[in-house]
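Listing of entry-v7.txt; format and content: compact mmCIF, C-alpha atoms and all ligand atoms.
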```txt
# COMPACT_ATOMS: atom_id res chain seq x y z
CA MET A 151 8.87 -123.95 -48.83
CA PRO A 152 7.65 -124.64 -52.36
CA PRO A 153 5.53 -127.79 -52.67
CA THR A 154 8.11 -129.73 -54.65
CA ASP A 155 8.07 -132.66 -52.27
CA GLN A 156 6.44 -135.65 -53.96
CA HIS A 157 5.05 -136.59 -50.59
CA SER A 158 2.34 -134.03 -51.21
CA THR A 159 1.25 -135.79 -54.39
CA PRO A 160 -1.51 -138.33 -53.84
CA PRO A 161 -0.58 -141.72 -55.24
CA SER A 162 -4.02 -142.09 -56.75
CA CYS A 163 -3.47 -139.31 -59.26
CA GLN A 164 -1.94 -140.74 -62.42
CA HIS A 165 -2.98 -137.92 -64.68
CA ARG A 166 -0.51 -135.95 -66.74
CA PRO A 167 -0.10 -133.20 -65.97
CA LEU A 168 -0.84 -133.93 -62.34
CA CYS A 169 -4.08 -132.57 -60.99
CA PRO A 170 -4.12 -129.75 -58.47
CA THR A 171 -3.29 -130.91 -54.97
CA ALA A 172 -5.81 -130.79 -52.16
CA ASP A 173 -4.18 -127.72 -50.68
CA GLY A 174 -4.42 -125.74 -53.90
CA ALA A 175 -7.10 -123.14 -54.57
CA ASP A 176 -8.03 -125.02 -57.75
CA ARG A 177 -8.39 -128.37 -56.01
CA GLU A 178 -11.84 -128.82 -57.53
CA ALA A 179 -10.26 -129.06 -60.96
CA ALA A 180 -8.94 -132.52 -60.13
CA HIS A 181 -10.50 -135.50 -61.86
CA ILE A 182 -13.38 -137.33 -60.20
CA VAL A 183 -12.36 -140.89 -59.44
CA ALA A 184 -15.50 -141.99 -57.60
CA ALA A 185 -18.87 -140.32 -58.10
CA HIS A 186 -21.77 -141.00 -55.75
CA PRO A 187 -24.50 -138.63 -56.96
CA GLU A 188 -27.12 -140.58 -55.03
CA GLN A 189 -25.23 -139.65 -51.89
CA GLY A 190 -24.34 -136.19 -53.09
CA TRP A 191 -20.56 -136.42 -53.12
CA SER A 192 -17.62 -137.26 -55.31
CA LEU A 193 -14.06 -138.30 -54.56
CA LEU A 194 -11.41 -136.42 -56.49
CA CYS A 195 -8.08 -137.99 -57.38
CA ASN A 196 -6.30 -135.56 -55.05
CA GLY A 197 -8.18 -137.05 -52.12
CA VAL A 198 -10.75 -134.27 -51.76
CA LEU A 199 -14.33 -135.22 -51.01
CA ALA A 200 -16.46 -132.79 -52.98
CA PHE A 201 -20.12 -132.47 -52.04
CA GLU A 202 -22.81 -131.34 -54.44
CA ASP A 203 -23.45 -128.25 -52.33
CA THR A 204 -19.79 -127.29 -53.06
CA GLY A 205 -18.67 -128.14 -49.54
CA GLU A 206 -15.48 -130.16 -49.32
CA ILE A 207 -13.50 -132.32 -46.96
CA LEU A 208 -9.76 -132.37 -47.53
CA PRO A 209 -7.56 -135.45 -47.02
CA ASN A 210 -6.18 -133.88 -43.84
CA GLY A 211 -9.66 -133.62 -42.39
CA GLN A 212 -10.10 -129.89 -43.01
CA VAL A 213 -13.68 -128.98 -43.82
CA ILE A 214 -14.36 -126.40 -46.51
CA ALA A 215 -17.71 -124.65 -46.24
CA PRO A 216 -19.95 -124.60 -49.31
CA HIS A 217 -19.12 -121.77 -51.68
CA ARG A 218 -21.70 -121.77 -54.40
CA ARG A 219 -20.55 -120.22 -57.61
CA MET A 220 -22.18 -116.95 -58.57
CA VAL A 221 -24.43 -117.43 -61.56
CA GLY A 222 -24.76 -113.82 -62.57
CA THR A 223 -27.89 -112.97 -60.63
CA GLY A 224 -26.09 -110.34 -58.60
CA ALA A 225 -27.02 -112.14 -55.42
CA GLU A 226 -24.44 -112.08 -52.69
CA ALA A 227 -24.33 -114.06 -49.46
ZN ZN B 1 -5.50 -136.63 -61.23
```

Once more with this new file: its structure as structure tokens, please.
Amino acid sequence: MPPTDQHSTPPSCQHRPLCPTADGADREAAHIVAAHPEQGWSLLCNGVLAFEDTGEILPNGQVIAPHRRMVGTGAEA
């Protein structure tokens, strides 16, 4: 089913256009609504907890392992 149900839209996101939802591949593109750099994490408006090591915790409790962006060094994990 296409995600047209508004139930999937976090109430905290009031941006237009709406930010990517937590189950989207571009979830990190959502706006940061609460930044805690001293603790190493930020809360995105789609409910995702984004850690500075690129790990994430989704609103449904799913944990996303860190996936550092390649910086052009040719290094691969
Ligand atoms: Zn938003």

- Query: Leaving out region 162-178 of chain A and any residue of its chain fewer than 3 positions from it, which residues lie within 7 Å of it when counting only C-alpha atoms, given as a ChimeraX atom specification?
  - Reply: /A:159,195-198,208

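Rounded to one decimal, CA of Thr204 (chain A) and CA of Glu188 (chain A) lie 15.3 Å from each other.
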
- Message: Counting all atoms listed in the file, which residue out of A:Ala180, A:Ile214, A:Ile207, A:Leu199 sits closest to ligand ZN 1 (chain B)?
- Response: A:Ala180

Go ahead and fit an axis-aligned box to every listed atom of region 181-188 of chain A plus 5 Å each side, and pass me the centre and edge lengths in Å, one decimal, as lines of an AutoDock Vina configuration file.
```
center_x = -18.8
center_y = -138.7
center_z = -58.4
size_x = 26.6
size_y = 16.5
size_z = 16.8
```

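The closest residue to ligand ZN 1 (chain B), picked from A:Asp203, A:Leu194, A:Gln212, A:His186 and counting all atoms listed in the file, is A:Leu194.
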
- Query: So what do you get for CA of Glu202 (chain A) versus CA of Ile182 (chain A), distance-wise?
  - Reply: 12.6 Å

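Closest approach to ligand ZN 1 (chain B) among A:Gly190, A:Ala200, A:His181, A:Arg218 is made by A:His181 (distances from only C-alpha atoms and all ligand atoms).
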
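Between CA of Ala184 (chain A) and CA of Phe201 (chain A) there is a distance of 12.0 Å.
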